[in-house]
Amino acid sequence: MEQVEEIFYFINDQKTPVEDTTVFNHLEGKTIYEVIRVQQGIALFLADHLERFKASAAATGLSLKDSDTVITQRIYQLISENQVTHKNIKLILNTSKGLLIFFTKTVYPPQAYYLNGMHTTLFKMERIDPTIKTLRNDYQKAVLAEREKQQAYEVLLVDQTNHVTEGSRSNLFIVKDSKLYTSPAKNVLLGIVRKKTLALCETLGFEVVEENISVSKLTEIDGAFITGTGNNILPIQSIGDLQLNSTTNPIIKALMREYTNLVEAYIQEQQIIDPLI
């Protein structure tokens, strides 16, 4: 069951009180989703998220009847009337129920993780179709159980060839010999923060190689981090028993700093475009 929070949410164009979540009991047929971070009352990189949402709909044969303008209006109505400044909004498109937009339970990493890094673990699992955000309860239950078992913030997925591909809810970047390595686009979910990170790498002159890293090579890396809507750029302190110095790596430090600047600039730009936001 989805955790719907605040005062109301949208079922298509209908405002619905959060006490009534019966619609989530009957999501029959195909279902895709998108999660958007709201920060300082601004839906971050909204156009990028809607572009990916529409691509997922097209790839699964779902009909998204509402325009970007309509969806944007609903999102900002939710933000305004629920008086939310920092939280995630979730969009679900379902064959039988249409478009659902709601605030979902959100837990962001503590500041200590950005300062010191966080613990991860390896898990032998692959997404069925990593390029589309489809709801899979079996997948979510398996990774959640593994995170709890290993006391890890994130699970790094390992494929059948024993290569690390991505996080269970994030993209993975590895730093080795002044280069960044990340999985080829066709093999992973194309995260919005991943997209912004790649653009920053180009701006800063950091070389990026789209190549999966073998588990056996992890002991040779200089650092690593994950990217994701709920995490931004988050350094990795450890992968299982392997300790990393990610927070002192100059490439990772530069990317974290510049991504923070990018978000702040985006928020300021959106507030100028619509001063009522």
# chains A, B, ... in the order shown; residues from 1 in each chain; ligands from 1
>>> select_by_dssp(residues="range 74-263 of chain A", states="alpha helix (DSSP H)", output="NGL selection string")
:A and (74-81 or 111-116 or 137-150 or 192-204 or 250-263)
>>> write_last_selection(atoms="C-alpha atoms", output="mmCIF file, in the first residue's frame")
data_model
loop_
_atom_site.group_PDB
_atom_site.id
_atom_site.type_symbol
_atom_site.label_atom_id
_atom_site.label_comp_id
_atom_site.auth_asym_id
_atom_site.auth_seq_id
_atom_site.Cartn_x
_atom_site.Cartn_y
_atom_site.Cartn_z
ATOM 1 C CA ARG A 74 -1.681 19.957 -10.126
ATOM 2 C CA ILE A 75 1.767 19.450 -8.608
ATOM 3 C CA TYR A 76 2.052 23.095 -7.565
ATOM 4 C CA GLN A 77 -1.522 23.080 -6.272
ATOM 5 C CA LEU A 78 -0.548 20.146 -4.067
ATOM 6 C CA ILE A 79 2.571 21.961 -2.865
ATOM 7 C CA SER A 80 0.716 25.207 -2.174
ATOM 8 C CA GLU A 81 -2.463 23.935 -0.542
ATOM 9 C CA GLN A 111 23.777 15.222 6.996
ATOM 10 C CA ALA A 112 26.379 12.874 8.499
ATOM 11 C CA TYR A 113 26.176 10.707 5.369
ATOM 12 C CA TYR A 114 27.194 13.637 3.177
ATOM 13 C CA LEU A 115 30.085 14.461 5.519
ATOM 14 C CA ASN A 116 31.324 10.926 6.222
ATOM 15 C CA ASN A 137 6.472 -5.284 -5.092
ATOM 16 C CA ASP A 138 8.677 -8.402 -5.177
ATOM 17 C CA TYR A 139 11.728 -6.341 -6.115
ATOM 18 C CA GLN A 140 11.046 -3.701 -3.469
ATOM 19 C CA LYS A 141 10.544 -6.296 -0.745
ATOM 20 C CA ALA A 142 13.765 -8.131 -1.645
ATOM 21 C CA VAL A 143 16.015 -5.053 -1.609
ATOM 22 C CA LEU A 144 14.395 -3.672 1.551
ATOM 23 C CA ALA A 145 14.982 -6.975 3.333
ATOM 24 C CA GLU A 146 18.625 -7.009 2.212
ATOM 25 C CA ARG A 147 19.190 -3.398 3.329
ATOM 26 C CA GLU A 148 17.811 -4.219 6.767
ATOM 27 C CA LYS A 149 19.743 -7.488 7.001
ATOM 28 C CA GLN A 150 23.065 -5.816 6.150
ATOM 29 C CA ILE A 192 17.606 12.663 -13.412
ATOM 30 C CA VAL A 193 20.429 13.361 -10.951
ATOM 31 C CA ARG A 194 22.626 11.011 -13.025
ATOM 32 C CA LYS A 195 21.823 13.144 -16.063
ATOM 33 C CA LYS A 196 22.720 16.357 -14.208
ATOM 34 C CA THR A 197 25.919 14.769 -12.845
ATOM 35 C CA LEU A 198 27.066 13.766 -16.330
ATOM 36 C CA ALA A 199 26.478 17.337 -17.515
ATOM 37 C CA LEU A 200 28.519 18.666 -14.597
ATOM 38 C CA CYS A 201 31.342 16.241 -15.420
ATOM 39 C CA GLU A 202 31.457 17.632 -18.958
ATOM 40 C CA THR A 203 31.496 21.208 -17.662
ATOM 41 C CA LEU A 204 34.248 20.456 -15.135
ATOM 42 C CA PRO A 250 38.645 15.833 -5.017
ATOM 43 C CA ILE A 251 36.430 14.767 -7.931
ATOM 44 C CA ILE A 252 33.577 13.686 -5.674
ATOM 45 C CA LYS A 253 33.923 16.825 -3.516
ATOM 46 C CA ALA A 254 33.790 19.049 -6.619
ATOM 47 C CA LEU A 255 30.700 17.292 -7.995
ATOM 48 C CA MET A 256 28.863 17.498 -4.672
ATOM 49 C CA ARG A 257 29.618 21.212 -4.423
ATOM 50 C CA GLU A 258 28.603 21.988 -8.010
ATOM 51 C CA TYR A 259 25.419 19.941 -7.795
ATOM 52 C CA THR A 260 24.369 21.917 -4.708
ATOM 53 C CA ASN A 261 25.020 25.127 -6.671
ATOM 54 C CA LEU A 262 22.981 23.762 -9.605
ATOM 55 C CA VAL A 263 19.972 23.035 -7.384
#
>>> residues_around(residues="Tyr108 in chain A", least_positions_apart="6", cutoff="12 Å", atoms="only C-alpha atoms", output="ChimeraX atom specification")
/A:37-39,86-88,114,153,228-234
>>> atom_distance(atom1="CA of Gln270 in chain A", atom2="CA of Asp66 in chain A")
21.9 Å
>>> atom_distance(atom1="CA of Leu64 in chain A", atom2="CA of Lys15 in chain A")
18.5 Å
>>> atom_distance(atom1="CA of Thr247 in chain A", atom2="CA of Lys179 in chain A")
16.0 Å
>>> residues_around(residues="Asp20 in chain A", least_positions_apart="4", cutoff="12 Å", atoms="only C-alpha atoms", output="list in words")
Glu2, Gln3, Val4, Glu5, Ile7, Phe8, Tyr9, Phe10, Ile11, Lys15, Thr16, Phe24 and Asn25 of chain A
>>> write_last_selection(atoms="N, CA, C and O atoms", output="mmCIF file, in the first residue's frame")
data_model
loop_
_atom_site.group_PDB
_atom_site.id
_atom_site.type_symbol
_atom_site.label_atom_id
_atom_site.label_comp_id
_atom_site.auth_asym_id
_atom_site.auth_seq_id
_atom_site.Cartn_x
_atom_site.Cartn_y
_atom_site.Cartn_z
ATOM 1 N N GLU A 2 0.564 2.178 -0.873
ATOM 2 C CA GLU A 2 1.291 3.440 -0.919
ATOM 3 C C GLU A 2 1.008 4.259 0.343
ATOM 4 O O GLU A 2 -0.103 4.251 0.864
ATOM 5 N N GLN A 3 2.034 4.957 0.822
ATOM 6 C CA GLN A 3 1.882 5.826 1.978
ATOM 7 C C GLN A 3 1.623 7.247 1.483
ATOM 8 O O GLN A 3 2.532 7.950 1.063
ATOM 9 N N VAL A 4 0.358 7.646 1.530
ATOM 10 C CA VAL A 4 -0.060 8.958 1.045
ATOM 11 C C VAL A 4 -0.143 9.905 2.238
ATOM 12 O O VAL A 4 -0.814 9.613 3.224
ATOM 13 N N GLU A 5 0.537 11.037 2.133
ATOM 14 C CA GLU A 5 0.623 11.943 3.268
ATOM 15 C C GLU A 5 0.094 13.339 2.941
ATOM 16 O O GLU A 5 -0.236 13.632 1.809
ATOM 17 N N ILE A 7 -2.675 16.498 3.288
ATOM 18 C CA ILE A 7 -4.118 16.692 3.444
ATOM 19 C C ILE A 7 -4.921 16.062 2.314
ATOM 20 O O ILE A 7 -5.918 15.378 2.527
ATOM 21 N N PHE A 8 -4.485 16.283 1.085
ATOM 22 C CA PHE A 8 -5.203 15.715 -0.058
ATOM 23 C C PHE A 8 -4.239 15.347 -1.162
ATOM 24 O O PHE A 8 -3.072 15.723 -1.153
ATOM 25 N N TYR A 9 -4.752 14.569 -2.120
ATOM 26 C CA TYR A 9 -3.979 14.187 -3.308
ATOM 27 C C TYR A 9 -4.913 14.195 -4.499
ATOM 28 O O TYR A 9 -6.122 14.437 -4.372
ATOM 29 N N PHE A 10 -4.362 13.953 -5.675
ATOM 30 C CA PHE A 10 -5.173 13.948 -6.892
ATOM 31 C C PHE A 10 -5.372 12.535 -7.429
ATOM 32 O O PHE A 10 -4.426 11.756 -7.548
ATOM 33 N N ILE A 11 -6.626 12.216 -7.750
ATOM 34 C CA ILE A 11 -6.964 11.075 -8.608
ATOM 35 C C ILE A 11 -7.442 11.695 -9.910
ATOM 36 O O ILE A 11 -8.547 12.235 -9.971
ATOM 37 N N LYS A 15 -9.554 16.236 -6.386
ATOM 38 C CA LYS A 15 -8.891 16.345 -5.096
ATOM 39 C C LYS A 15 -9.525 15.326 -4.149
ATOM 40 O O LYS A 15 -10.740 15.279 -4.009
ATOM 41 N N THR A 16 -8.675 14.512 -3.511
ATOM 42 C CA THR A 16 -9.163 13.432 -2.660
ATOM 43 C C THR A 16 -8.472 13.501 -1.305
ATOM 44 O O THR A 16 -7.250 13.622 -1.243
ATOM 45 N N PHE A 24 -5.769 2.805 -4.272
ATOM 46 C CA PHE A 24 -4.497 2.082 -4.348
ATOM 47 C C PHE A 24 -4.675 0.573 -4.159
ATOM 48 O O PHE A 24 -3.745 -0.192 -4.398
ATOM 49 N N ASN A 25 -5.858 0.162 -3.736
ATOM 50 C CA ASN A 25 -6.136 -1.275 -3.574
ATOM 51 C C ASN A 25 -6.512 -1.935 -4.889
ATOM 52 O O ASN A 25 -6.608 -3.160 -4.968
#
>>> residues_around(residues="Ser168 in chain A", least_positions_apart="5", cutoff="7 Å", atoms="only C-alpha atoms", output="number ranges by chain")
A: 143, 154-157
>>> closest_residue(among="A:Ser178, A:Thr161, A:Gln271, A:Asn187", to="Arg127 in chain A", atoms="only C-alpha atoms")
A:Asn187
>>> closest_residue(among="A:Asn94, A:Gln237, A:Thr182, A:Gln243", to="Gly61 in chain A", atoms="only C-alpha atoms")
A:Asn94
>>> select_by_dssp(residues="range 48-266 of chain A", states="strand (DSSP E or B)", output="ChimeraX atom specification")
/A:87-94,98-104,118-124,134,154-158,163-167,171-176,179-182,207-210,213-214,223-228,232-239,242-243
>>> write_last_selection(atoms="C-alpha atoms", output="PDB file, in the first residue's frame")
ATOM      1  CA  LYS A  87       9.146  16.323   0.497  1.00  0.00           C
ATOM      2  CA  ASN A  88       8.821  13.901  -2.412  1.00  0.00           C
ATOM      3  CA  ILE A  89       5.853  13.870  -4.757  1.00  0.00           C
ATOM      4  CA  LYS A  90       4.969  10.638  -6.516  1.00  0.00           C
ATOM      5  CA  LEU A  91       3.157  10.229  -9.829  1.00  0.00           C
ATOM      6  CA  ILE A  92       1.519   6.904 -10.661  1.00  0.00           C
ATOM      7  CA  LEU A  93      -0.047   6.125 -14.024  1.00  0.00           C
ATOM      8  CA  ASN A  94      -2.234   3.032 -14.034  1.00  0.00           C
ATOM      9  CA  GLY A  98      -5.386   6.902 -14.566  1.00  0.00           C
ATOM     10  CA  LEU A  99      -3.013   9.464 -13.026  1.00  0.00           C
ATOM     11  CA  LEU A 100      -2.461   9.694  -9.268  1.00  0.00           C
ATOM     12  CA  ILE A 101      -0.337  12.506  -7.792  1.00  0.00           C
ATOM     13  CA  PHE A 102       0.452  12.571  -4.079  1.00  0.00           C
ATOM     14  CA  PHE A 103       2.983  13.345  -1.384  1.00  0.00           C
ATOM     15  CA  THR A 104       4.663  10.168  -0.254  1.00  0.00           C
ATOM     16  CA  MET A 118      27.328   5.838   4.016  1.00  0.00           C
ATOM     17  CA  HIS A 119      27.407   2.058   4.092  1.00  0.00           C
ATOM     18  CA  THR A 120      26.338  -0.072   1.120  1.00  0.00           C
ATOM     19  CA  THR A 121      26.254  -3.770   0.360  1.00  0.00           C
ATOM     20  CA  LEU A 122      26.311  -5.926  -2.781  1.00  0.00           C
ATOM     21  CA  PHE A 123      23.215  -7.873  -3.829  1.00  0.00           C
ATOM     22  CA  LYS A 124      22.875 -10.306  -6.724  1.00  0.00           C
ATOM     23  CA  THR A 134       7.466   0.152 -13.090  1.00  0.00           C
ATOM     24  CA  GLU A 154      21.751   1.252  -0.150  1.00  0.00           C
ATOM     25  CA  VAL A 155      22.042  -2.061  -1.989  1.00  0.00           C
ATOM     26  CA  LEU A 156      24.316  -2.152  -5.047  1.00  0.00           C
ATOM     27  CA  LEU A 157      22.976  -4.571  -7.641  1.00  0.00           C
ATOM     28  CA  VAL A 158      25.258  -7.186  -9.178  1.00  0.00           C
ATOM     29  CA  HIS A 163      29.489  -6.658 -12.463  1.00  0.00           C
ATOM     30  CA  VAL A 164      28.086  -3.887 -10.274  1.00  0.00           C
ATOM     31  CA  THR A 165      25.394  -2.044 -12.240  1.00  0.00           C
ATOM     32  CA  GLU A 166      23.444   0.432 -10.065  1.00  0.00           C
ATOM     33  CA  GLY A 167      21.830   0.966  -6.709  1.00  0.00           C
ATOM     34  CA  ASN A 171      22.701   5.260 -10.010  1.00  0.00           C
ATOM     35  CA  LEU A 172      26.288   4.391  -9.158  1.00  0.00           C
ATOM     36  CA  PHE A 173      29.465   6.297 -10.038  1.00  0.00           C
ATOM     37  CA  ILE A 174      32.960   4.995  -9.314  1.00  0.00           C
ATOM     38  CA  VAL A 175      36.187   7.028  -9.343  1.00  0.00           C
ATOM     39  CA  LYS A 176      39.445   5.388 -10.361  1.00  0.00           C
ATOM     40  CA  LYS A 179      38.209   8.947 -14.241  1.00  0.00           C
ATOM     41  CA  LEU A 180      34.565   8.300 -13.441  1.00  0.00           C
ATOM     42  CA  TYR A 181      32.901   5.021 -14.317  1.00  0.00           C
ATOM     43  CA  THR A 182      29.159   4.435 -14.517  1.00  0.00           C
ATOM     44  CA  GLU A 207      36.274  12.062 -18.072  1.00  0.00           C
ATOM     45  CA  VAL A 208      33.384   9.602 -17.764  1.00  0.00           C
ATOM     46  CA  VAL A 209      33.558   6.019 -19.017  1.00  0.00           C
ATOM     47  CA  GLU A 210      30.272   4.145 -19.402  1.00  0.00           C
ATOM     48  CA  ILE A 213      32.902  -2.447 -12.906  1.00  0.00           C
ATOM     49  CA  SER A 214      33.639  -6.039 -11.983  1.00  0.00           C
ATOM     50  CA  GLY A 223      35.977   6.303  -4.264  1.00  0.00           C
ATOM     51  CA  ALA A 224      32.317   6.007  -5.202  1.00  0.00           C
ATOM     52  CA  PHE A 225      28.969   7.730  -4.847  1.00  0.00           C
ATOM     53  CA  ILE A 226      25.334   7.253  -5.713  1.00  0.00           C
ATOM     54  CA  THR A 227      22.930   9.706  -7.303  1.00  0.00           C
ATOM     55  CA  GLY A 228      19.168   9.840  -6.923  1.00  0.00           C
ATOM     56  CA  ASN A 232      21.313  14.042  -4.596  1.00  0.00           C
ATOM     57  CA  ILE A 233      25.029  13.080  -4.756  1.00  0.00           C
ATOM     58  CA  LEU A 234      25.816  10.862  -1.772  1.00  0.00           C
ATOM     59  CA  PRO A 235      29.348   9.513  -1.102  1.00  0.00           C
ATOM     60  CA  ILE A 236      29.949   5.868  -0.216  1.00  0.00           C
ATOM     61  CA  GLN A 237      32.004   5.112   2.867  1.00  0.00           C
ATOM     62  CA  SER A 238      31.950   1.335   2.527  1.00  0.00           C
ATOM     63  CA  ILE A 239      30.833  -1.491   0.236  1.00  0.00           C
ATOM     64  CA  LEU A 242      35.617  -2.530   1.750  1.00  0.00           C
ATOM     65  CA  GLN A 243      36.399   0.931   3.157  1.00  0.00           C
TER      66      GLN A 243
END
>>> closest_residue(among="A:His26, A:Lys186, A:His49, A:Lys105", to="Asp68 in chain A", atoms="only C-alpha atoms")
A:His49
